[in-house]
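A short write-up of the structure that comes next.
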Amino acid sequence: MDVIGALGRTVPFAFAAGINLYATVAIMGLCVRYQLVDLPAQYQAFAHPVIIGIAVSMFLVEFLADKIPWFDTLWDGLHTVIRPLGGALVAVTALGEASPGLQALVALLGGSVAMTTHLT
């Protein structure tokens, strides 16, 4: 497995997940589903209609939550935990078939990148 290539696929998605997890998952799913870009086979997990539907729905909830002052603070506090976990999950899914040790390292890296992006 090409580690540099794998990191090149996983780190940008973890970065984007730190900004907006739901938009990242929805866009990846739509790109795979409608073959807008050529992505590796492991991205098929994001193309399921239920995953895309949930991601778009949660994106709309997040968009509306951002407009309510006290709820926005609560939402961002909750997503301080959710976005790093989502970034780790997106990174491991984007990695594909790999050894458990490499998956753990990529999950830690993806979660750290998503957390840093979210906190910034």
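Here, A, B, ... name the chains of the structure tokens in the order displayed, residue numbers run from 1 inside each chain, and ligands are numbered from 1 in the same displayed order.
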Find the spatial neighbours of Ala47 (chain A), counting only C-alpha atoms, within a cut-off of 9 Å - ignore same-chain residues fewer than 6 positions away - and output them as an NGL selection string.
:A and (26 or 28-34)
Include N, CA and C atoms and write out the residues we just selected as a PDB file, in the first residue's frame.
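This went into out16.pdb:
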```pdb
ATOM      1  N   ALA A  26     -21.990  14.071   2.484  1.00  0.00           N
ATOM      2  CA  ALA A  26     -22.976  14.202   1.411  1.00  0.00           C
ATOM      3  C   ALA A  26     -22.306  14.429   0.059  1.00  0.00           C
ATOM      4  N   MET A  28     -19.187  13.674  -0.822  1.00  0.00           N
ATOM      5  CA  MET A  28     -18.468  12.459  -1.230  1.00  0.00           C
ATOM      6  C   MET A  28     -19.450  11.429  -1.771  1.00  0.00           C
ATOM      7  N   GLY A  29     -20.577  11.260  -1.089  1.00  0.00           N
ATOM      8  CA  GLY A  29     -21.579  10.300  -1.543  1.00  0.00           C
ATOM      9  C   GLY A  29     -22.163  10.660  -2.896  1.00  0.00           C
ATOM     10  N   LEU A  30     -22.478  11.931  -3.101  1.00  0.00           N
ATOM     11  CA  LEU A  30     -23.032  12.364  -4.383  1.00  0.00           C
ATOM     12  C   LEU A  30     -22.007  12.236  -5.507  1.00  0.00           C
ATOM     13  N   CYS A  31     -20.754  12.538  -5.218  1.00  0.00           N
ATOM     14  CA  CYS A  31     -19.698  12.401  -6.232  1.00  0.00           C
ATOM     15  C   CYS A  31     -19.508  10.948  -6.657  1.00  0.00           C
ATOM     16  N   VAL A  32     -19.575  10.047  -5.696  1.00  0.00           N
ATOM     17  CA  VAL A  32     -19.432   8.626  -6.027  1.00  0.00           C
ATOM     18  C   VAL A  32     -20.672   8.123  -6.753  1.00  0.00           C
ATOM     19  N   ARG A  33     -21.836   8.479  -6.243  1.00  0.00           N
ATOM     20  CA  ARG A  33     -23.100   7.981  -6.808  1.00  0.00           C
ATOM     21  C   ARG A  33     -23.278   8.407  -8.264  1.00  0.00           C
ATOM     22  N   TYR A  34     -22.954   9.658  -8.560  1.00  0.00           N
ATOM     23  CA  TYR A  34     -23.150  10.174  -9.918  1.00  0.00           C
ATOM     24  C   TYR A  34     -21.858  10.212 -10.720  1.00  0.00           C
TER      25      TYR A  34
END
```
When you look at region 60-69 of chain A with a cut-off of 12 Å (counting only C-alpha atoms), what residues show up, excluding the ones that are within fewer than 4 positions of it in the same chain? I need them as a PyMOL selection string.
chain A and resi 19-23+26+53-56+73-76+78-79
Could those residues be written to a file, using all heavy atoms, as a short mmCIF file (atom, residue, chain, number, x, y, z; two decimals), in the first residue's frame?
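Writing the result to part.cif gives the following:
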```cif
data_model
loop_
_atom_site.label_atom_id
_atom_site.label_comp_id
_atom_site.auth_asym_id
_atom_site.auth_seq_id
_atom_site.Cartn_x
_atom_site.Cartn_y
_atom_site.Cartn_z
N ILE A 19 -14.56 20.93 9.36
CA ILE A 19 -15.31 22.15 9.05
C ILE A 19 -16.80 21.85 9.04
O ILE A 19 -17.58 22.53 9.68
CB ILE A 19 -14.85 22.74 7.70
CG1 ILE A 19 -13.39 23.17 7.81
CG2 ILE A 19 -15.74 23.90 7.28
CD1 ILE A 19 -12.77 23.57 6.49
N ASN A 20 -17.21 20.83 8.27
CA ASN A 20 -18.61 20.44 8.21
C ASN A 20 -18.68 18.96 7.83
O ASN A 20 -18.56 18.61 6.66
CB ASN A 20 -19.39 21.29 7.22
CG ASN A 20 -20.88 21.11 7.37
OD1 ASN A 20 -21.37 20.00 7.53
ND2 ASN A 20 -21.60 22.21 7.34
N LEU A 21 -18.89 18.13 8.82
CA LEU A 21 -18.91 16.68 8.63
C LEU A 21 -20.00 16.25 7.67
O LEU A 21 -19.78 15.44 6.77
CB LEU A 21 -19.08 15.98 9.98
CG LEU A 21 -19.24 14.47 9.96
CD1 LEU A 21 -17.99 13.81 9.39
CD2 LEU A 21 -19.53 13.96 11.35
N TYR A 22 -21.19 16.79 7.84
CA TYR A 22 -22.34 16.34 7.05
C TYR A 22 -22.21 16.74 5.59
O TYR A 22 -22.55 15.96 4.70
CB TYR A 22 -23.63 16.87 7.66
CG TYR A 22 -23.73 16.55 9.13
CD1 TYR A 22 -23.78 17.55 10.08
CD2 TYR A 22 -23.72 15.23 9.56
CE1 TYR A 22 -23.84 17.25 11.43
CE2 TYR A 22 -23.78 14.92 10.91
CZ TYR A 22 -23.83 15.93 11.84
OH TYR A 22 -23.89 15.63 13.17
N ALA A 23 -21.71 17.93 5.31
CA ALA A 23 -21.51 18.34 3.92
C ALA A 23 -20.43 17.48 3.26
O ALA A 23 -20.56 17.11 2.10
CB ALA A 23 -21.12 19.82 3.86
N ALA A 26 -21.99 14.07 2.48
CA ALA A 26 -22.98 14.20 1.41
C ALA A 26 -22.31 14.43 0.06
O ALA A 26 -22.67 13.80 -0.94
CB ALA A 26 -23.94 15.34 1.72
N GLY A 53 -28.95 10.80 2.20
CA GLY A 53 -30.15 11.45 2.74
C GLY A 53 -29.96 11.93 4.16
O GLY A 53 -30.33 13.07 4.51
N ILE A 54 -29.36 11.09 5.00
CA ILE A 54 -29.11 11.49 6.40
C ILE A 54 -28.11 12.65 6.44
O ILE A 54 -28.29 13.61 7.19
CB ILE A 54 -28.61 10.29 7.22
CG1 ILE A 54 -29.75 9.29 7.42
CG2 ILE A 54 -28.05 10.74 8.56
CD1 ILE A 54 -29.32 7.98 8.04
N ALA A 55 -27.06 12.57 5.63
CA ALA A 55 -26.05 13.63 5.62
C ALA A 55 -26.65 14.97 5.17
O ALA A 55 -26.38 16.01 5.78
CB ALA A 55 -24.87 13.24 4.73
N VAL A 56 -27.47 14.95 4.13
CA VAL A 56 -28.11 16.19 3.66
C VAL A 56 -29.07 16.72 4.70
O VAL A 56 -29.12 17.93 4.98
CB VAL A 56 -28.81 15.96 2.30
CG1 VAL A 56 -29.69 17.14 1.93
CG2 VAL A 56 -27.78 15.70 1.21
N THR A 73 -24.37 27.51 20.12
CA THR A 73 -23.30 27.20 21.08
C THR A 73 -23.39 25.76 21.54
O THR A 73 -22.37 25.05 21.62
CB THR A 73 -23.40 28.15 22.29
OG1 THR A 73 -23.34 29.49 21.81
CG2 THR A 73 -22.28 27.90 23.27
N LEU A 74 -24.59 25.29 21.82
CA LEU A 74 -24.80 23.90 22.23
C LEU A 74 -24.41 22.95 21.09
O LEU A 74 -23.74 21.94 21.33
CB LEU A 74 -26.26 23.69 22.64
CG LEU A 74 -26.66 22.30 23.06
CD1 LEU A 74 -25.97 21.93 24.37
CD2 LEU A 74 -28.17 22.22 23.22
N TRP A 75 -24.81 23.29 19.88
CA TRP A 75 -24.51 22.46 18.71
C TRP A 75 -23.00 22.35 18.50
O TRP A 75 -22.48 21.26 18.27
CB TRP A 75 -25.18 23.07 17.48
CG TRP A 75 -25.07 22.25 16.25
CD1 TRP A 75 -24.10 22.33 15.29
CD2 TRP A 75 -25.95 21.20 15.83
NE1 TRP A 75 -24.33 21.41 14.30
CE2 TRP A 75 -25.45 20.71 14.61
CE3 TRP A 75 -27.10 20.64 16.36
CZ2 TRP A 75 -26.08 19.69 13.92
CZ3 TRP A 75 -27.72 19.62 15.66
CH2 TRP A 75 -27.21 19.14 14.46
N ASP A 76 -22.30 23.48 18.57
CA ASP A 76 -20.84 23.45 18.38
C ASP A 76 -20.15 22.69 19.51
O ASP A 76 -19.16 22.00 19.27
CB ASP A 76 -20.29 24.87 18.28
CG ASP A 76 -20.55 25.48 16.92
OD1 ASP A 76 -20.78 24.74 15.95
OD2 ASP A 76 -20.54 26.72 16.83
N LEU A 78 -21.40 20.14 21.18
CA LEU A 78 -21.65 18.73 20.90
C LEU A 78 -20.77 18.24 19.75
O LEU A 78 -20.23 17.13 19.78
CB LEU A 78 -23.13 18.51 20.58
CG LEU A 78 -23.57 17.11 20.23
CD1 LEU A 78 -23.37 16.18 21.43
CD2 LEU A 78 -25.03 17.11 19.81
N HIS A 79 -20.60 19.08 18.75
CA HIS A 79 -19.81 18.68 17.59
C HIS A 79 -18.31 18.74 17.82
O HIS A 79 -17.53 18.31 16.98
CB HIS A 79 -20.23 19.49 16.37
CG HIS A 79 -21.46 18.93 15.74
ND1 HIS A 79 -22.71 19.18 16.25
CD2 HIS A 79 -21.64 18.08 14.71
CE1 HIS A 79 -23.60 18.53 15.53
NE2 HIS A 79 -22.97 17.85 14.60
#
```
When you look at Gly96 (chain A) with a cut-off of 12 Å (counting only C-alpha atoms), what residues show up, excluding the ones that are within fewer than 3 positions of it in the same chain? I need them as a compact mmCIF listing (two decimals) with N, CA and C atoms, in the first residue's frame.
```
# COMPACT_ATOMS: atom_id res chain seq x y z
N MET A 1 0.84 -1.18 0.00
CA MET A 1 0.00 0.00 0.00
C MET A 1 0.88 1.24 0.00
N ASP A 2 0.54 2.17 -0.83
CA ASP A 2 1.25 3.44 -0.93
C ASP A 2 0.78 4.35 0.20
N VAL A 3 1.61 4.52 1.24
CA VAL A 3 1.22 5.28 2.42
C VAL A 3 1.02 6.76 2.08
N GLY A 5 0.14 8.06 -0.80
CA GLY A 5 -1.12 8.17 -1.55
C GLY A 5 -2.33 8.04 -0.64
N ALA A 6 -2.24 7.12 0.33
CA ALA A 6 -3.34 6.94 1.27
C ALA A 6 -3.54 8.19 2.13
N LEU A 7 -2.45 8.77 2.58
CA LEU A 7 -2.55 10.00 3.37
C LEU A 7 -3.08 11.15 2.52
N ARG A 9 -5.26 10.90 0.30
CA ARG A 9 -6.71 10.74 0.17
C ARG A 9 -7.44 10.98 1.48
N THR A 10 -6.80 10.68 2.59
CA THR A 10 -7.52 10.72 3.87
C THR A 10 -7.45 12.05 4.59
N LEU A 39 -13.17 8.05 -7.86
CA LEU A 39 -12.68 7.73 -6.52
C LEU A 39 -12.50 6.22 -6.39
N PRO A 40 -11.61 5.78 -5.51
CA PRO A 40 -11.40 4.34 -5.30
C PRO A 40 -12.67 3.64 -4.81
N ALA A 41 -12.67 2.34 -4.88
CA ALA A 41 -13.86 1.53 -4.58
C ALA A 41 -14.35 1.67 -3.14
N GLN A 42 -13.46 1.94 -2.19
CA GLN A 42 -13.88 2.02 -0.79
C GLN A 42 -14.84 3.19 -0.53
N TYR A 43 -14.92 4.14 -1.44
CA TYR A 43 -15.82 5.27 -1.26
C TYR A 43 -17.28 4.91 -1.56
N GLN A 44 -17.52 3.70 -2.05
CA GLN A 44 -18.89 3.26 -2.33
C GLN A 44 -19.76 3.27 -1.07
N ALA A 45 -19.14 3.18 0.09
CA ALA A 45 -19.91 3.21 1.35
C ALA A 45 -20.67 4.52 1.50
N LEU A 89 -13.56 8.39 11.22
CA LEU A 89 -14.32 7.40 10.45
C LEU A 89 -14.18 7.63 8.95
N VAL A 90 -14.26 8.88 8.53
CA VAL A 90 -14.08 9.20 7.11
C VAL A 90 -12.67 8.81 6.66
N ALA A 91 -11.67 9.10 7.47
CA ALA A 91 -10.29 8.78 7.11
C ALA A 91 -10.07 7.28 6.98
N VAL A 92 -10.61 6.51 7.92
CA VAL A 92 -10.44 5.05 7.87
C VAL A 92 -11.20 4.47 6.68
N THR A 93 -12.38 4.98 6.41
CA THR A 93 -13.15 4.50 5.26
C THR A 93 -12.42 4.85 3.96
N SER A 99 -3.74 -2.71 7.18
CA SER A 99 -3.49 -3.44 8.42
C SER A 99 -4.16 -2.69 9.59
N PRO A 100 -4.49 -3.41 10.66
CA PRO A 100 -5.12 -2.75 11.82
C PRO A 100 -4.26 -1.64 12.41
N LEU A 102 -2.14 0.35 10.78
CA LEU A 102 -2.23 1.51 9.90
C LEU A 102 -3.60 2.16 10.02
N GLN A 103 -4.65 1.36 10.16
CA GLN A 103 -5.99 1.91 10.35
C GLN A 103 -6.06 2.73 11.63
N VAL A 106 -4.20 6.03 11.04
CA VAL A 106 -4.97 6.93 10.17
C VAL A 106 -6.18 7.48 10.92
N ALA A 107 -6.81 6.66 11.76
CA ALA A 107 -7.94 7.14 12.57
C ALA A 107 -7.49 8.23 13.53
```
Could you work out how far CA of Pro84 (chain A) lies from CA of Thr117 (chain A), giving the answer in Å with one decimal?
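Computing it gives 9.2 Å between the two atoms.
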Residue with smallest distance to Gly111 (chain A) - pool A:Leu95, A:Val50, A:Ile82, A:Val37, counting only C-alpha atoms
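Among the listed residues, A:Ile82 lies closest to Gly111 (chain A).
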Run DSSP on the backbone of this structure and report the residues of region 18-103 of chain A it assigns to alpha helix (DSSP H), as an NGL selection string.
:A and (18-19 or 21-33 or 49-65 or 69-95 or 100-103)
With only C-alpha atoms as the counted atoms, please give the residues lying no more than 6 Å from Ala14 (chain A), apart from itself and same-chain residues fewer than 5 positions off, as a PyMOL selection string.
chain A and resi 87+91+110+114
Convert the current residue selection to file output with N, CA and C atoms, as a PDB file, in the first residue's frame.
```
ATOM      1  N   GLY A  87     -14.352  12.591  11.476  1.00  0.00           N
ATOM      2  CA  GLY A  87     -13.120  12.713  10.694  1.00  0.00           C
ATOM      3  C   GLY A  87     -12.303  11.435  10.718  1.00  0.00           C
ATOM      4  N   ALA A  91     -11.671   9.099   7.473  1.00  0.00           N
ATOM      5  CA  ALA A  91     -10.285   8.783   7.105  1.00  0.00           C
ATOM      6  C   ALA A  91     -10.074   7.277   6.984  1.00  0.00           C
ATOM      7  N   GLY A 110      -6.705  11.299  11.328  1.00  0.00           N
ATOM      8  CA  GLY A 110      -7.940  11.900  10.825  1.00  0.00           C
ATOM      9  C   GLY A 110      -8.716  12.617  11.910  1.00  0.00           C
ATOM     10  N   ALA A 114      -9.340  16.656  12.051  1.00  0.00           N
ATOM     11  CA  ALA A 114     -10.707  17.177  12.143  1.00  0.00           C
ATOM     12  C   ALA A 114     -10.876  18.018  13.410  1.00  0.00           C
TER      13      ALA A 114
END
```
From the set A:Met115, A:Leu109, A:Glu97, A:Val25, which residue has the shortest atom-to-atom contact distance to Ser57 (chain A), counting only C-alpha atoms?
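Looking at the shortest contact to Ser57 (chain A), the residue is A:Val25.
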